[in-house]
file target_7.tsv (TSV, C-alpha atoms)
chain	number	residue	atom	x	y	z
A	1	MET	CA	7.21	-2.23	32.85
A	2	PRO	CA	4.51	-1.92	30.14
A	3	ASN	CA	1.15	-0.54	31.07
A	4	ALA	CA	-2.23	-1.73	29.80
A	5	GLU	CA	-2.14	0.78	26.92
A	6	THR	CA	1.06	-0.60	25.40
A	7	PRO	CA	0.43	-3.14	22.62
A	8	LYS	CA	2.95	-5.98	22.67
A	9	ARG	CA	4.78	-7.33	19.65
A	10	GLY	CA	6.55	-10.38	20.95
A	11	ALA	CA	9.24	-9.16	23.35
A	12	GLU	CA	9.18	-5.68	21.78
A	13	GLU	CA	7.03	-2.82	23.00
A	14	ILE	CA	5.87	0.06	20.84
A	15	ASP	CA	7.33	3.34	22.01
A	16	GLN	CA	4.66	5.44	23.75
A	17	GLY	CA	5.65	8.64	21.92
A	18	ILE	CA	5.37	6.99	18.53
A	19	LEU	CA	1.98	5.57	19.45
A	20	ASP	CA	0.81	9.05	20.53
A	21	GLU	CA	2.15	10.57	17.30
A	22	GLY	CA	0.50	7.89	15.20
A	23	CYS	CA	-2.86	8.39	16.89
A	24	TYR	CA	-2.60	12.14	16.37
A	25	HIS	CA	-1.62	12.05	12.69
A	26	LEU	CA	-3.91	9.21	11.63
A	27	THR	CA	-6.97	10.84	13.18
A	28	ARG	CA	-6.00	14.15	11.53
A	29	LEU	CA	-5.75	12.31	8.22
A	30	GLY	CA	-9.37	11.21	8.42
A	31	MET	CA	-9.24	7.83	10.12
A	32	THR	CA	-11.75	7.41	12.93
A	33	PRO	CA	-10.49	6.60	16.43
A	34	GLY	CA	-12.07	3.16	15.98
A	35	GLU	CA	-10.09	2.49	12.79
A	36	VAL	CA	-6.85	3.64	14.42
A	37	ALA	CA	-7.65	1.57	17.51
A	38	ALA	CA	-8.12	-1.56	15.41
A	39	ARG	CA	-4.73	-1.05	13.74
A	40	PHE	CA	-2.88	-0.34	17.01
A	41	GLU	CA	-4.84	-2.90	19.06
A	42	ILE	CA	-5.95	-0.36	21.67
A	43	THR	CA	-9.34	1.17	22.45
A	44	ALA	CA	-10.87	4.14	20.63
A	45	GLY	CA	-10.79	6.07	23.91
A	46	GLN	CA	-7.05	5.48	24.19
A	47	VAL	CA	-6.61	6.74	20.63
A	48	THR	CA	-8.44	9.96	21.47
A	49	LYS	CA	-6.40	10.39	24.68
A	50	ARG	CA	-3.10	9.74	22.91
A	51	ALA	CA	-3.91	12.13	20.05
A	52	ALA	CA	-4.83	14.85	22.56
A	53	ARG	CA	-1.60	14.22	24.49
A	54	PHE	CA	0.49	14.62	21.33
A	55	GLU	CA	-1.45	17.75	20.37
A	56	GLN	CA	-0.68	19.21	23.81
A	57	LEU	CA	3.03	18.47	23.32
A	58	LEU	CA	2.86	20.29	19.97
A	59	ARG	CA	1.24	23.35	21.58
A	60	GLU	CA	3.86	23.36	24.33
A	61	GLY	CA	6.64	23.13	21.74
A	62	LYS	CA	8.01	19.91	23.24
A	63	VAL	CA	7.67	18.16	19.87
A	64	SER	CA	7.48	19.57	16.37
A	65	ASP	CA	5.17	18.68	13.53
A	66	GLU	CA	7.58	17.71	10.77
A	67	PRO	CA	6.43	17.30	7.14
A	68	VAL	CA	8.39	14.03	7.02
A	69	SER	CA	6.29	12.68	9.89
A	70	ARG	CA	3.04	13.70	8.21
A	71	ASP	CA	4.16	12.00	4.99
A	72	PHE	CA	5.15	8.87	6.90
A	73	TRP	CA	1.78	8.60	8.65
A	74	ARG	CA	-0.03	9.41	5.39
A	75	SER	CA	1.70	6.43	3.77
A	76	ILE	CA	0.77	4.27	6.79
A	77	ARG	CA	-2.87	5.31	6.35
A	78	GLU	CA	-2.75	4.55	2.62
A	79	GLU	CA	-1.38	1.07	3.24
A	80	ALA	CA	-3.88	0.44	6.05
A	81	GLU	CA	-6.63	1.17	3.55
A	82	GLY	CA	-5.16	-1.33	1.07
A	83	ASN	CA	-3.47	1.22	-1.15
A	84	VAL	CA	0.03	-0.23	-1.33
A	85	LYS	CA	3.07	1.45	-2.78
A	86	VAL	CA	4.40	-0.49	-5.75
A	87	THR	CA	7.89	-0.50	-7.25
A	88	PHE	CA	7.90	-1.41	-10.92
A	89	VAL	CA	10.28	-1.31	-13.85
A	90	SER	CA	9.83	0.14	-17.33
A	91	GLU	CA	12.15	0.83	-20.23
A	92	LYS	CA	13.01	4.12	-18.46
A	93	GLY	CA	14.07	2.54	-15.15
A	94	PHE	CA	12.53	1.89	-11.74
A	95	HIS	CA	9.46	3.76	-10.55
A	96	HIS	CA	7.29	3.95	-7.42
A	97	SER	CA	3.56	4.49	-7.46
A	98	TRP	CA	0.53	3.96	-5.27
A	99	ARG	CA	-1.88	1.24	-6.38
A	100	SER	CA	-4.65	3.84	-6.63
A	101	ASP	CA	-2.54	5.87	-9.09
A	102	LEU	CA	-1.81	2.80	-11.20
A	103	ARG	CA	-5.53	2.04	-11.25
A	104	LYS	CA	-6.10	5.30	-13.16
A	105	LEU	CA	-3.93	4.13	-16.07
A	106	ASP	CA	-5.45	2.65	-19.21
A	107	GLY	CA	-5.21	-1.04	-20.08
A	108	PRO	CA	-2.39	-0.80	-22.65
A	109	THR	CA	-0.19	1.19	-20.24
A	110	LEU	CA	-0.82	-1.30	-17.44
A	111	LEU	CA	-0.07	-4.16	-19.81
A	112	ALA	CA	3.23	-2.52	-20.80
A	113	ILE	CA	4.20	-2.19	-17.12
A	114	PHE	CA	3.17	-5.79	-16.47
A	115	GLU	CA	5.21	-7.08	-19.40
A	116	SER	CA	8.32	-5.04	-18.53
A	117	CYS	CA	8.20	-6.31	-14.94
A	118	LYS	CA	7.79	-9.90	-16.12
A	119	ALA	CA	10.69	-9.45	-18.57
A	120	PHE	CA	12.86	-8.05	-15.75
A	121	LEU	CA	12.14	-11.09	-13.59
A	122	ASP	CA	12.69	-13.49	-16.49
A	123	LEU	CA	16.16	-12.03	-17.08
A	124	ASP	CA	17.28	-12.70	-13.52
A	125	PRO	CA	18.58	-16.24	-12.93
A	126	SER	CA	17.90	-15.82	-9.19
A	127	SER	CA	14.18	-15.24	-9.70
A	128	ARG	CA	13.35	-18.87	-8.93
A	129	PHE	CA	14.41	-18.16	-5.32
A	130	LEU	CA	11.59	-15.62	-4.93
A	131	GLU	CA	9.29	-18.49	-4.03
A	132	TYR	CA	11.20	-19.07	-0.77
A	133	ASN	CA	10.74	-17.17	2.48
A	134	THR	CA	12.55	-13.85	2.87
A	135	PRO	CA	15.82	-14.27	4.76
A	136	LYS	CA	16.28	-12.45	8.07
A	137	ASN	CA	18.19	-9.14	8.22
A	138	TYR	CA	19.38	-9.00	4.61
A	139	ASP	CA	17.55	-9.88	1.44
A	140	PRO	CA	19.71	-9.92	-1.70
A	141	LEU	CA	16.53	-10.31	-3.74
A	142	ALA	CA	14.67	-7.33	-2.26
A	143	MET	CA	14.31	-5.52	-5.60
A	144	GLN	CA	13.15	-8.67	-7.36
A	145	ARG	CA	10.60	-9.27	-4.60
A	146	GLU	CA	9.28	-5.73	-5.10
A	147	ILE	CA	9.00	-6.24	-8.85
A	148	SER	CA	7.33	-9.61	-8.28
A	149	ARG	CA	4.80	-7.87	-6.02
A	150	ALA	CA	4.26	-5.28	-8.78
A	151	VAL	CA	3.45	-8.09	-11.22
A	152	THR	CA	0.78	-9.33	-8.80
A	153	VAL	CA	-0.70	-5.86	-8.21
A	154	VAL	CA	-0.66	-4.81	-11.87
A	155	GLY	CA	-2.03	-8.21	-12.88
A	156	SER	CA	-4.98	-7.76	-10.53
A	157	LEU	CA	-5.56	-4.24	-11.89
A	158	LEU	CA	-5.57	-5.61	-15.44
A	159	GLU	CA	-8.07	-8.24	-14.37
A	160	GLU	CA	-10.30	-5.54	-12.81
A	161	LYS	CA	-10.14	-3.46	-16.01
A	162	TRP	CA	-11.00	-6.51	-18.11
A	163	ARG	CA	-14.03	-7.28	-15.89
A	164	GLU	CA	-15.17	-3.65	-16.07
A	165	GLU	CA	-14.92	-3.68	-19.87
A	166	GLN	CA	-16.79	-6.99	-20.05
A	167	SER	CA	-19.62	-5.72	-17.86
A	168	ALA	CA	-19.77	-2.44	-19.83
A	169	ARG	CA	-20.09	-4.42	-23.09
A	170	THR	CA	-22.77	-6.63	-21.59
A	171	ALA	CA	-24.70	-3.59	-20.36
A	172	LYS	CA	-24.60	-1.98	-23.82
A	173	GLY	CA	-25.92	-5.09	-25.50
A	174	PRO	CA	-24.76	-6.45	-28.85
A	175	GLY	CA	-22.92	-3.94	-31.01
A	176	PRO	CA	-23.58	-3.13	-34.66
A	177	ASP	CA	-21.28	-5.98	-35.69
A	178	ALA	CA	-23.43	-8.56	-33.96
A	179	ARG	CA	-25.14	-10.91	-36.39
A	180	ARG	CA	-28.87	-11.11	-36.42
A	181	PRO	CA	-30.27	-14.61	-36.19
A	182	GLU	CA	-31.57	-15.83	-39.51
A	183	HIS	CA	-35.18	-16.90	-39.74
call {"tool": "encode", "arguments": {"input": "target_7.tsv", "output": "structure tokens"}}
result
Amino acid sequence: MPNAETPKRGAEEIDQGILDEGCYHLTRLGMTPGEVAARFEITAGQVTKRAARFEQLLREGKVSDEPVSRDFWRSIREEAEGNVKVTFVSEKGFHHSWRSDLRKLDGPTLLAIFESCKAFLDLDPSSRFLEYNTPKNYDPLAMQREISRAVTVVGSLLEEKWREEQSARTAKGPGPDARRPEH
């Protein structure tokens, strides 16, 4: 029987131990109890209590702090903050990167990634089916869906870079090539 602290997901319940572990790691990674509470749909007080309970289990040696778990919760935090992991394709193969890392790239590099992803999707005759809902349990187009998502993310990054360049040009004023009005 679920207690008041257990968030419901349809007929499924989130395992208490996983919730405790998540509260512990996410607060250690810099999220406030309020931010964690909003994500897990519990109160900030419950987050603090759950994190302390997991910390006690660590001290008692009943659970171990695995690097894999820390990495998992770090990726959860990144995605909660809007920093999604993107799979994209280039002439060298498939790659994974965080959106924040892609944002650091220059415009021509982003454009090359965008174009190679678009070319990959254009080569696939099944790409027209990407517009439909994802099937349950097995998705034969999973990779294409990831690349399609990369096109969206990289496209928005290119748009941001373009806006930044436009506003930088506007702030500088007309360049030396600008014509002077004739009197």
call {"tool": "closest_atom_pairs", "arguments": {"input": "target_7.tsv", "of": "segment 7-88 of chain A", "to": "segment 132-149 of chain A", "cutoff": "10 Å", "atoms": "only C-alpha atoms", "output": "Markdown table"}}
result
| residue | atom | partner | partner_atom | distance |
| --- | --- | --- | --- | --- |
| A:Lys85 | CA | A:Glu146 | CA | 9.8 |
| A:Val86 | CA | A:Glu146 | CA | 7.2 |
| A:Thr87 | CA | A:Glu146 | CA | 5.8 |
| A:Phe88 | CA | A:Ile147 | CA | 5.4 |
call {"tool": "closest_residue", "arguments": {"input": "target_7.tsv", "among": "A:Ile113, A:Val68, A:Leu123, A:Ala51", "to": "Glu91 of chain A", "atoms": "only C-alpha atoms"}}
result
A:Ile113
call {"tool": "atom_distance", "arguments": {"input": "target_7.tsv", "atom1": "atom CA of Leu29 of chain A", "atom2": "atom CA of Val47 of chain A"}}
result
13.6 Å
call {"tool": "atom_distance", "arguments": {"input": "target_7.tsv", "atom1": "atom CA of Pro108 of chain A", "atom2": "atom CA of Leu158 of chain A"}}
result
9.2 Å
call {"tool": "closest_residue", "arguments": {"input": "target_7.tsv", "among": "A:Gly45, A:Gly82, A:Gly155, A:Gly34", "to": "Leu110 of chain A", "atoms": "only C-alpha atoms"}}
result
A:Gly155
call {"tool": "atom_distance", "arguments": {"input": "target_7.tsv", "atom1": "atom CA of Glu66 of chain A", "atom2": "atom CA of Phe54 of chain A"}}
result
13.1 Å
call {"tool": "closest_residue", "arguments": {"input": "target_7.tsv", "among": "A:Asp124, A:Asp106, A:Glu35, A:Glu131", "to": "Trp162 of chain A", "atoms": "all atoms listed in the file"}}
result
A:Asp106
call {"tool": "residues_near_point", "arguments": {"input": "target_7.tsv", "point": "(-4.5, 6.7, 3.1)", "cutoff": "12 Å", "atoms": "only C-alpha atoms", "output": "list in words"}}
result
His25, Leu26, Thr27, Arg28, Leu29, Gly30, Met31, Glu35, Val36, Arg70, Asp71, Phe72, Trp73, Arg74, Ser75, Ile76, Arg77, Glu78, Glu79, Ala80, Glu81, Gly82, Asn83, Val84, Lys85, Trp98, Arg99 and Ser100 of chain A
call {"tool": "write_last_selection", "arguments": {"input": "target_7.tsv", "atoms": "C-alpha atoms", "output": "mmCIF file, in the coordinates of the input"}}
result
data_model
loop_
_atom_site.group_PDB
_atom_site.id
_atom_site.type_symbol
_atom_site.label_atom_id
_atom_site.label_comp_id
_atom_site.auth_asym_id
_atom_site.auth_seq_id
_atom_site.Cartn_x
_atom_site.Cartn_y
_atom_site.Cartn_z
ATOM 1 C CA HIS A 25 -1.620 12.050 12.690
ATOM 2 C CA LEU A 26 -3.910 9.210 11.630
ATOM 3 C CA THR A 27 -6.970 10.840 13.180
ATOM 4 C CA ARG A 28 -6.000 14.150 11.530
ATOM 5 C CA LEU A 29 -5.750 12.310 8.220
ATOM 6 C CA GLY A 30 -9.370 11.210 8.420
ATOM 7 C CA MET A 31 -9.240 7.830 10.120
ATOM 8 C CA GLU A 35 -10.090 2.490 12.790
ATOM 9 C CA VAL A 36 -6.850 3.640 14.420
ATOM 10 C CA ARG A 70 3.040 13.700 8.210
ATOM 11 C CA ASP A 71 4.160 12.000 4.990
ATOM 12 C CA PHE A 72 5.150 8.870 6.900
ATOM 13 C CA TRP A 73 1.780 8.600 8.650
ATOM 14 C CA ARG A 74 -0.030 9.410 5.390
ATOM 15 C CA SER A 75 1.700 6.430 3.770
ATOM 16 C CA ILE A 76 0.770 4.270 6.790
ATOM 17 C CA ARG A 77 -2.870 5.310 6.350
ATOM 18 C CA GLU A 78 -2.750 4.550 2.620
ATOM 19 C CA GLU A 79 -1.380 1.070 3.240
ATOM 20 C CA ALA A 80 -3.880 0.440 6.050
ATOM 21 C CA GLU A 81 -6.630 1.170 3.550
ATOM 22 C CA GLY A 82 -5.160 -1.330 1.070
ATOM 23 C CA ASN A 83 -3.470 1.220 -1.150
ATOM 24 C CA VAL A 84 0.030 -0.230 -1.330
ATOM 25 C CA LYS A 85 3.070 1.450 -2.780
ATOM 26 C CA TRP A 98 0.530 3.960 -5.270
ATOM 27 C CA ARG A 99 -1.880 1.240 -6.380
ATOM 28 C CA SER A 100 -4.650 3.840 -6.630
#
call {"tool": "closest_residue", "arguments": {"input": "target_7.tsv", "among": "A:Gly93, A:Glu165, A:Asp20, A:Ser156", "to": "Leu57 of chain A", "atoms": "only C-alpha atoms"}}
result
A:Asp20
call {"tool": "closest_residue", "arguments": {"input": "target_7.tsv", "among": "A:Pro33, A:Asp65, A:Gly17, A:Ala38", "to": "Arg53 of chain A", "atoms": "only C-alpha atoms"}}
result
A:Gly17
call {"tool": "closest_residue", "arguments": {"input": "target_7.tsv", "among": "A:Ser64, A:Ala150, A:Leu58, A:Arg39", "to": "Phe94 of chain A", "atoms": "only C-alpha atoms"}}
result
A:Ala150
call {"tool": "build_atoms", "arguments": {"input": "target_7.tsv", "residues": "segment 26-50 of chain A", "atoms": "N, CA, C and O atoms", "output": "mmCIF file, keeping the file's coordinate frame"}}
result
data_model
loop_
_atom_site.group_PDB
_atom_site.id
_atom_site.type_symbol
_atom_site.label_atom_id
_atom_site.label_comp_id
_atom_site.auth_asym_id
_atom_site.auth_seq_id
_atom_site.Cartn_x
_atom_site.Cartn_y
_atom_site.Cartn_z
ATOM 1 N N LEU A 26 -2.916 10.023 12.342
ATOM 2 C CA LEU A 26 -3.910 9.210 11.630
ATOM 3 C C LEU A 26 -5.321 9.738 11.813
ATOM 4 O O LEU A 26 -6.117 9.713 10.869
ATOM 5 N N THR A 27 -5.637 10.254 13.019
ATOM 6 C CA THR A 27 -6.970 10.840 13.180
ATOM 7 C C THR A 27 -7.073 12.156 12.417
ATOM 8 O O THR A 27 -8.139 12.478 11.891
ATOM 9 N N ARG A 28 -5.983 12.903 12.302
ATOM 10 C CA ARG A 28 -6.000 14.150 11.530
ATOM 11 C C ARG A 28 -6.105 13.874 10.030
ATOM 12 O O ARG A 28 -6.572 14.717 9.276
ATOM 13 N N LEU A 29 -5.692 12.686 9.631
ATOM 14 C CA LEU A 29 -5.750 12.310 8.220
ATOM 15 C C LEU A 29 -7.082 11.662 7.842
ATOM 16 O O LEU A 29 -7.241 11.148 6.744
ATOM 17 N N GLY A 30 -8.031 11.672 8.762
ATOM 18 C CA GLY A 30 -9.370 11.210 8.420
ATOM 19 C C GLY A 30 -9.758 9.837 8.920
ATOM 20 O O GLY A 30 -10.887 9.408 8.708
ATOM 21 N N MET A 31 -8.852 9.121 9.564
ATOM 22 C CA MET A 31 -9.240 7.830 10.120
ATOM 23 C C MET A 31 -10.007 8.078 11.424
ATOM 24 O O MET A 31 -9.690 9.004 12.172
ATOM 25 N N THR A 32 -11.001 7.272 11.677
ATOM 26 C CA THR A 32 -11.750 7.410 12.930
ATOM 27 C C THR A 32 -10.927 6.801 14.063
ATOM 28 O O THR A 32 -10.070 5.936 13.821
ATOM 29 N N PRO A 33 -11.195 7.233 15.303
ATOM 30 C CA PRO A 33 -10.490 6.600 16.430
ATOM 31 C C PRO A 33 -10.681 5.083 16.449
ATOM 32 O O PRO A 33 -9.757 4.350 16.804
ATOM 33 N N GLY A 34 -11.833 4.610 16.032
ATOM 34 C CA GLY A 34 -12.070 3.160 15.980
ATOM 35 C C GLY A 34 -11.166 2.461 14.973
ATOM 36 O O GLY A 34 -10.656 1.373 15.235
ATOM 37 N N GLU A 35 -10.982 3.076 13.812
ATOM 38 C CA GLU A 35 -10.090 2.490 12.790
ATOM 39 C C GLU A 35 -8.648 2.465 13.270
ATOM 40 O O GLU A 35 -7.937 1.476 13.084
ATOM 41 N N VAL A 36 -8.220 3.573 13.893
ATOM 42 C CA VAL A 36 -6.850 3.640 14.420
ATOM 43 C C VAL A 36 -6.693 2.606 15.539
ATOM 44 O O VAL A 36 -5.687 1.895 15.602
ATOM 45 N N ALA A 37 -7.697 2.515 16.396
ATOM 46 C CA ALA A 37 -7.650 1.570 17.510
ATOM 47 C C ALA A 37 -7.496 0.131 17.016
ATOM 48 O O ALA A 37 -6.718 -0.649 17.581
ATOM 49 N N ALA A 38 -8.208 -0.197 15.957
ATOM 50 C CA ALA A 38 -8.120 -1.560 15.410
ATOM 51 C C ALA A 38 -6.708 -1.842 14.899
ATOM 52 O O ALA A 38 -6.189 -2.948 15.077
ATOM 53 N N ARG A 39 -6.081 -0.861 14.278
ATOM 54 C CA ARG A 39 -4.730 -1.050 13.740
ATOM 55 C C ARG A 39 -3.683 -1.172 14.857
ATOM 56 O O ARG A 39 -2.745 -1.937 14.762
ATOM 57 N N PHE A 40 -3.857 -0.368 15.921
ATOM 58 C CA PHE A 40 -2.880 -0.340 17.010
ATOM 59 C C PHE A 40 -3.235 -1.280 18.164
ATOM 60 O O PHE A 40 -2.497 -1.373 19.140
ATOM 61 N N GLU A 41 -4.388 -1.947 18.047
ATOM 62 C CA GLU A 41 -4.840 -2.900 19.060
ATOM 63 C C GLU A 41 -4.981 -2.248 20.434
ATOM 64 O O GLU A 41 -4.525 -2.773 21.458
ATOM 65 N N ILE A 42 -5.605 -1.068 20.439
ATOM 66 C CA ILE A 42 -5.950 -0.360 21.670
ATOM 67 C C ILE A 42 -7.404 0.073 21.531
ATOM 68 O O ILE A 42 -8.027 -0.188 20.502
ATOM 69 N N THR A 43 -7.949 0.734 22.533
ATOM 70 C CA THR A 43 -9.340 1.170 22.450
ATOM 71 C C THR A 43 -9.449 2.529 21.757
ATOM 72 O O THR A 43 -8.465 3.278 21.695
ATOM 73 N N ALA A 44 -10.636 2.845 21.271
ATOM 74 C CA ALA A 44 -10.870 4.140 20.630
ATOM 75 C C ALA A 44 -10.651 5.278 21.626
ATOM 76 O O ALA A 44 -10.147 6.342 21.263
ATOM 77 N N GLY A 45 -11.013 5.065 22.871
ATOM 78 C CA GLY A 45 -10.790 6.070 23.910
ATOM 79 C C GLY A 45 -9.305 6.359 24.110
ATOM 80 O O GLY A 45 -8.899 7.506 24.308
ATOM 81 N N GLN A 46 -8.494 5.305 24.058
ATOM 82 C CA GLN A 46 -7.050 5.480 24.190
ATOM 83 C C GLN A 46 -6.494 6.251 22.994
ATOM 84 O O GLN A 46 -5.584 7.061 23.154
ATOM 85 N N VAL A 47 -7.046 6.006 21.820
ATOM 86 C CA VAL A 47 -6.610 6.740 20.630
ATOM 87 C C VAL A 47 -6.866 8.228 20.823
ATOM 88 O O VAL A 47 -5.999 9.065 20.593
ATOM 89 N N THR A 48 -8.075 8.560 21.262
ATOM 90 C CA THR A 48 -8.440 9.960 21.470
ATOM 91 C C THR A 48 -7.530 10.596 22.523
ATOM 92 O O THR A 48 -7.039 11.722 22.331
ATOM 93 N N LYS A 49 -7.265 9.886 23.607
ATOM 94 C CA LYS A 49 -6.400 10.390 24.680
ATOM 95 C C LYS A 49 -4.965 10.602 24.179
ATOM 96 O O LYS A 49 -4.350 11.626 24.450
ATOM 97 N N ARG A 50 -4.468 9.644 23.415
ATOM 98 C CA ARG A 50 -3.100 9.740 22.910
ATOM 99 C C ARG A 50 -2.967 10.882 21.895
ATOM 100 O O ARG A 50 -1.974 11.600 21.884
#
